[in-house]
Amino acid sequence: MSQMLAQRDYFGKALRDLAKREDIVVLDADLAGSTKTSEFKKVCPERFVEIGIAEQNMIGISSGLAAEGKTVFATTFGVFATGRCWEQVRLCVAYPELNVKIVATHCGISVGEDGATHQALEDISLMRTMPNMTVISPADAYETYAATIAIADHEGPVYMRMGRSPVPTVSEEGEKFIMGQAKVLREGKDVTLFGTGQMVFNCIEAAEELEKEGVSAEVVNVSTIKPLDRDTVLASVSKTGCAVTAEEHSIIGGLGSAISELLSEELPSPVFRIGTGDIFGESGSPAELFVKYGLTSGDIGKAARKAMKKR
Amino acid sequence: MRLAKSETELKGIANRLRHHVIEMTSEAGSGHPGGSLSSADLMAVLYFRVMNHRPSDPSWDGRDRFILSKGHVAPILYASLAESGYFPVGELITLRKMNSRLQGHPVRGKLPGVEMSTGSLGQGLSMACGFAMAAKMDGKKHRVYCLVGDGELQSGMNWEAAMFASQYKLNNLVAFVDRNRLQISGCTEDVMGLEPLQRKWEAFGWRAITVDGHNIANLIEACTWAKRARTRPTVIIMNTVKGKGVSFMENNVAFHGKSCNADEKVCAENELEEAMRSCR
């Protein structure tokens, strides 16, 4: 049964479990209580470094630490991690290919009441365009835990995003996370629903609704957006012939773009993108915002029907 | 590393480094000679006197780290590394050419002795803080030296790093400011004033000293003073002359990002060769 759990709580748990590894250093920009890096601080204050509200400096410091052999987690909200620091990430982390994990919470419109300033809707796009950068967006709390352990074992720059609010689980506790691998969660033959982050759950709901109408939808959890799992994407669309992408992010530059780019070159097929448009968010409850910005399972279902018609 | 014996010898090395800078940038047809020349004396003092390092073993764990925040003066770094023995001096003239390890701005992992990729200004001091913090965490005794330009101190990230270094008592961190007072658009004080510069650093909790950046004895003395830091990071503000050592380049902002043409190259090299002879 699905449970409502916050991804950031499981990120905190994973960091706490990683604390025994002496190479792990966690950097915080005055948001430890929100990002849950406070969990790491409790068990390992000597390798928890408070930077203050100075995210650019945090990224610079992360590079020096990583150059000296540390596995660094640099943590803050998505808007700051990718927007404010973009060029610092480029010069200090991605270009020298250093072992820094930039982990951002409070991504997506489900940040809710804080409004547009704090809703990262461009972060996947910003990080995906950067050479040497891996981009990960786990679907739920369990996958966030497993992904945190996996990226700590991976040598090189990684950006991982998650939301603020509790989200329904779609995976099992203890399931292994393999970077670069998309997972088919439900098989189907009429349309593929590619989801990332908490939108994977909405894809599953949409598939269930479509099934009642006689449409067989395949659901794929694309938790590694870069490098994209080409084989899984192409195999699925070869079978279904059309696709919908769903992300809590702008439709410009994110998962929808990544899938469209691949398909346009390798397997031209109709793709409809669910995400926020060319527009900023606003204050509201996550549920209200999902309706207004077209991110519900109903929106995914409608897009699936359109994609099938275009096939 | 063999220690250079005398101040005269170090002065000679500094001029040899300048000579390489002129040759490299002229051969490349571009690059940043002005700021390279202003920091040449410091680089000679660091690489041939002050820093513990082993050119034959660039990743030796006990080495002092050097971060070039003002990455556009890559030519002076490359000249210092080659003259120290990290790679052949003959490779210097490949600067900025296709397939060269000597990229327009330094790249970590490309060339032995380059600790970090730099070139986008204002970021090196934060990186250096990371290096210094790692040394503290691991109980290592080496020092971290960082050369920043004066113009780039207009960037706020430096001051975030300055607060951090002070907060975490990074007494193993030494910053040098190449205070040549010129940036690409003109005088720093006209573009965006930095004074009172020493007092700014002191207000951020640093030990600060201002020296003549072309006086070898002053530079050595300042580095010795830096080693006595107990709880605070140290900054050495070096009053320098942009283009130092070549008469027509001195205090001439035109040579910030432009190399010498063929005639200028001959004149510059003659002047530097004359200066080198006087250091023998």
# chains A, B, ... in the order shown; residues from 1 in each chain; ligands from 1

$ select_by_dssp --residues "stretch 169-200 of chain A" --states "strand (DSSP E or B)" --output "ChimeraX atom specification"
/A:183-186,191-195

$ residues_around --residues "B:Arg181" --least-positions-apart "6" --cutoff "9 Å" --atoms "only C-alpha atoms" --output "PDB file with N, CA and C atoms, in the first residue's frame"
ATOM      1  N   ASP B 150      42.960  42.349  -7.705  1.00  0.00           N
ATOM      2  CA  ASP B 150      42.225  43.389  -6.970  1.00  0.00           C
ATOM      3  C   ASP B 150      40.855  43.631  -7.598  1.00  0.00           C
ATOM      4  N   GLY B 151      40.785  43.665  -8.922  1.00  0.00           N
ATOM      5  CA  GLY B 151      39.497  43.896  -9.575  1.00  0.00           C
ATOM      6  C   GLY B 151      38.453  42.877  -9.182  1.00  0.00           C
ATOM      7  N   CYS B 187      41.006  52.254 -13.961  1.00  0.00           N
ATOM      8  CA  CYS B 187      41.459  52.208 -12.570  1.00  0.00           C
ATOM      9  C   CYS B 187      40.370  51.588 -11.687  1.00  0.00           C
ATOM     10  N   THR B 188      40.775  50.701 -10.799  1.00  0.00           N
ATOM     11  CA  THR B 188      39.795  50.038  -9.925  1.00  0.00           C
ATOM     12  C   THR B 188      38.973  51.053  -9.145  1.00  0.00           C
ATOM     13  N   GLU B 189      39.623  52.129  -8.728  1.00  0.00           N
ATOM     14  CA  GLU B 189      38.907  53.095  -7.881  1.00  0.00           C
ATOM     15  C   GLU B 189      37.872  53.887  -8.675  1.00  0.00           C
ATOM     16  N   ASN B 239      51.160  45.857  -3.219  1.00  0.00           N
ATOM     17  CA  ASN B 239      51.102  46.994  -4.143  1.00  0.00           C
ATOM     18  C   ASN B 239      52.014  46.684  -5.322  1.00  0.00           C
ATOM     19  N   THR B 240      51.426  46.612  -6.492  1.00  0.00           N
ATOM     20  CA  THR B 240      52.194  46.214  -7.672  1.00  0.00           C
ATOM     21  C   THR B 240      51.932  47.172  -8.833  1.00  0.00           C
ATOM     22  N   VAL B 241      52.707  46.962  -9.870  1.00  0.00           N
ATOM     23  CA  VAL B 241      52.542  47.746 -11.096  1.00  0.00           C
ATOM     24  C   VAL B 241      52.145  46.786 -12.205  1.00  0.00           C
ATOM     25  N   LYS B 242      50.998  47.051 -12.811  1.00  0.00           N
ATOM     26  CA  LYS B 242      50.574  46.188 -13.911  1.00  0.00           C
ATOM     27  C   LYS B 242      51.599  46.316 -15.048  1.00  0.00           C
ATOM     28  N   ASN B 251      51.788  50.096 -16.000  1.00  0.00           N
ATOM     29  CA  ASN B 251      50.605  50.934 -15.757  1.00  0.00           C
ATOM     30  C   ASN B 251      49.820  51.235 -17.036  1.00  0.00           C
TER      31      ASN B 251
END

$ interface_residues --of "chain A" --to "chain B" --cutoff "7 Å" --atoms "only C-alpha atoms" --output "PDB file with N, CA and C atoms, in the first residue's frame"
ATOM      1  N   ILE A  51      27.609  26.941   6.280  1.00  0.00           N
ATOM      2  CA  ILE A  51      28.200  27.979   5.421  1.00  0.00           C
ATOM      3  C   ILE A  51      27.484  29.317   5.618  1.00  0.00           C
ATOM      4  N   ALA A  54      24.998  31.706   1.933  1.00  0.00           N
ATOM      5  CA  ALA A  54      26.052  32.061   0.976  1.00  0.00           C
ATOM      6  C   ALA A  54      26.265  30.846   0.076  1.00  0.00           C
ATOM      7  N   GLN A  56      26.784  30.433  -3.134  1.00  0.00           N
ATOM      8  CA  GLN A  56      27.877  30.420  -4.112  1.00  0.00           C
ATOM      9  C   GLN A  56      29.172  30.012  -3.425  1.00  0.00           C
ATOM     10  N   ASN A  57      29.387  30.575  -2.248  1.00  0.00           N
ATOM     11  CA  ASN A  57      30.567  30.198  -1.461  1.00  0.00           C
ATOM     12  C   ASN A  57      30.529  28.713  -1.118  1.00  0.00           C
ATOM     13  N   GLY A  60      31.840  26.781  -4.027  1.00  0.00           N
ATOM     14  CA  GLY A  60      33.300  26.936  -4.108  1.00  0.00           C
ATOM     15  C   GLY A  60      34.000  26.072  -3.072  1.00  0.00           C
ATOM     16  N   ILE A  61      33.509  26.102  -1.857  1.00  0.00           N
ATOM     17  CA  ILE A  61      34.101  25.312  -0.774  1.00  0.00           C
ATOM     18  C   ILE A  61      33.964  23.816  -1.070  1.00  0.00           C
ATOM     19  N   SER A  62      32.830  23.440  -1.632  1.00  0.00           N
ATOM     20  CA  SER A  62      32.636  22.015  -1.944  1.00  0.00           C
ATOM     21  C   SER A  62      33.724  21.521  -2.900  1.00  0.00           C
ATOM     22  N   SER A  63      34.140  22.372  -3.819  1.00  0.00           N
ATOM     23  CA  SER A  63      35.133  21.935  -4.801  1.00  0.00           C
ATOM     24  C   SER A  63      36.493  21.704  -4.149  1.00  0.00           C
ATOM     25  N   GLY A  64      36.892  22.588  -3.247  1.00  0.00           N
ATOM     26  CA  GLY A  64      38.175  22.407  -2.560  1.00  0.00           C
ATOM     27  C   GLY A  64      38.175  21.149  -1.720  1.00  0.00           C
ATOM     28  N   LEU A  65      37.072  20.920  -1.016  1.00  0.00           N
ATOM     29  CA  LEU A  65      36.962  19.709  -0.186  1.00  0.00           C
ATOM     30  C   LEU A  65      37.016  18.454  -1.052  1.00  0.00           C
ATOM     31  N   GLU A  68      40.311  17.420  -2.322  1.00  0.00           N
ATOM     32  CA  GLU A  68      41.132  16.773  -1.297  1.00  0.00           C
ATOM     33  C   GLU A  68      40.588  15.395  -0.906  1.00  0.00           C
ATOM     34  N   LEU A  91      31.899  26.048 -12.977  1.00  0.00           N
ATOM     35  CA  LEU A  91      33.370  26.178 -12.862  1.00  0.00           C
ATOM     36  C   LEU A  91      33.963  25.285 -11.776  1.00  0.00           C
ATOM     37  N   PRO A  96      35.788  20.734 -13.503  1.00  0.00           N
ATOM     38  CA  PRO A  96      36.860  19.872 -12.976  1.00  0.00           C
ATOM     39  C   PRO A  96      36.371  18.472 -12.585  1.00  0.00           C
TER      40      PRO A  96
END

$ select_by_dssp --residues "stretch 185-220 of chain B" --states "helix (DSSP H, G or I)" --output "PyMOL selection string"
chain B and resi 188-192+197-203+216-220

$ write_last_selection --atoms "C-alpha atoms" --output "compact mmCIF listing (two decimals), in the first residue's frame"
# COMPACT_ATOMS: atom_id res chain seq x y z
CA THR B 188 39.79 50.04 -9.92
CA GLU B 189 38.91 53.10 -7.88
CA ASP B 190 37.02 54.60 -10.84
CA VAL B 191 35.30 51.38 -11.87
CA MET B 192 34.24 50.33 -8.36
CA LEU B 197 41.16 47.63 1.30
CA GLN B 198 43.32 46.54 4.23
CA ARG B 199 40.71 47.73 6.71
CA LYS B 200 38.03 45.75 4.86
CA TRP B 201 40.00 42.54 5.33
CA GLU B 202 40.69 43.37 8.95
CA ALA B 203 37.00 44.00 9.52
CA ILE B 216 61.54 40.19 -2.86
CA ALA B 217 62.67 40.68 0.74
CA ASN B 218 59.30 42.19 1.69
CA LEU B 219 57.43 39.31 0.11
CA ILE B 220 59.55 36.68 1.88

$ residues_around --residues "stretch 30-37 of chain B" --least-positions-apart "4" --cutoff "7 Å" --atoms "only C-alpha atoms" --output "compact mmCIF listing (two decimals) with C-alpha atoms, in the first residue's frame"
# COMPACT_ATOMS: atom_id res chain seq x y z
CA ARG B 18 58.26 37.51 -17.28
CA VAL B 21 55.06 35.39 -20.42
CA ILE B 22 55.99 37.81 -23.22
CA THR B 25 51.43 35.46 -25.16
CA SER B 26 53.07 36.91 -28.28
CA HIS B 72 43.47 34.85 -16.64
CA VAL B 73 47.11 35.21 -15.59
CA PRO B 75 50.80 32.40 -18.37
CA ILE B 76 52.66 33.30 -15.18
CA LYS B 242 50.57 46.19 -13.91
CA GLY B 243 53.00 45.23 -16.70
CA LYS B 244 55.96 45.47 -14.29
CA PHE B 255 48.09 45.28 -22.04
CA HIS B 256 45.54 43.77 -19.64
CA GLY B 257 44.30 41.38 -22.27
CA LYS B 258 46.46 42.04 -25.32
CA SER B 259 49.80 40.52 -26.27

$ residues_around --residues "B:Val45" --least-positions-apart "4" --cutoff "10 Å" --atoms "only C-alpha atoms" --output "list in words"
Leu3, Ala4, Glu7, Leu10, Lys11, Ile13, Ala14, Ala40, Asp41, Arg49, Val50, Met51, Ile216, Ala217, Leu219, Ile220 and Cys223 of chain B

$ write_last_selection --atoms "C-alpha atoms" --output "PDB file, in the first residue's frame"
ATOM      1  CA  LEU B   3      65.513  26.646  -2.606  1.00  0.00           C
ATOM      2  CA  ALA B   4      66.745  29.684  -4.470  1.00  0.00           C
ATOM      3  CA  GLU B   7      67.000  37.680  -3.322  1.00  0.00           C
ATOM      4  CA  LEU B  10      64.804  35.224  -7.106  1.00  0.00           C
ATOM      5  CA  LYS B  11      64.660  38.574  -8.897  1.00  0.00           C
ATOM      6  CA  ILE B  13      63.893  34.056 -11.807  1.00  0.00           C
ATOM      7  CA  ALA B  14      60.992  36.538 -11.719  1.00  0.00           C
ATOM      8  CA  ALA B  40      55.804  37.558 -11.302  1.00  0.00           C
ATOM      9  CA  ASP B  41      57.837  38.449  -8.206  1.00  0.00           C
ATOM     10  CA  ARG B  49      61.421  29.782  -1.916  1.00  0.00           C
ATOM     11  CA  VAL B  50      58.260  29.630   0.198  1.00  0.00           C
ATOM     12  CA  MET B  51      56.151  26.677  -0.894  1.00  0.00           C
ATOM     13  CA  ILE B 216      61.541  40.192  -2.861  1.00  0.00           C
ATOM     14  CA  ALA B 217      62.675  40.680   0.738  1.00  0.00           C
ATOM     15  CA  LEU B 219      57.430  39.306   0.107  1.00  0.00           C
ATOM     16  CA  ILE B 220      59.551  36.682   1.880  1.00  0.00           C
ATOM     17  CA  CYS B 223      55.157  34.963   3.964  1.00  0.00           C
TER      18      CYS B 223
END

$ residues_around --residues "A:Arg230" --least-positions-apart "2" --cutoff "9 Å" --atoms "only C-alpha atoms" --output "PyMOL selection string"
chain A and resi 182+227-228+232-235+259+262

$ write_last_selection --atoms "N, CA and C atoms" --output "compact mmCIF listing (two decimals), in the first residue's frame"
# COMPACT_ATOMS: atom_id res chain seq x y z
N ALA A 182 16.01 3.45 -15.93
CA ALA A 182 14.58 3.76 -15.78
C ALA A 182 13.85 2.45 -15.49
N PRO A 227 22.40 10.58 -17.20
CA PRO A 227 22.16 10.13 -18.57
C PRO A 227 20.83 9.38 -18.68
N LEU A 228 20.13 9.65 -19.76
CA LEU A 228 18.82 9.04 -19.98
C LEU A 228 18.98 7.57 -20.35
N THR A 232 15.59 1.66 -22.40
CA THR A 232 14.26 1.47 -21.83
C THR A 232 13.23 2.38 -22.50
N VAL A 233 13.62 3.63 -22.77
CA VAL A 233 12.71 4.57 -23.41
C VAL A 233 12.34 4.08 -24.82
N LEU A 234 13.37 3.70 -25.59
CA LEU A 234 13.11 3.29 -26.97
C LEU A 234 12.32 1.98 -27.04
N ALA A 235 12.64 1.07 -26.13
CA ALA A 235 11.92 -0.22 -26.13
C ALA A 235 10.45 0.00 -25.85
N ILE A 259 13.23 13.35 -23.35
CA ILE A 259 12.58 12.24 -24.06
C ILE A 259 12.32 12.63 -25.51
N LEU A 262 15.47 12.53 -27.67
CA LEU A 262 15.88 11.16 -28.02
C LEU A 262 14.96 10.59 -29.10
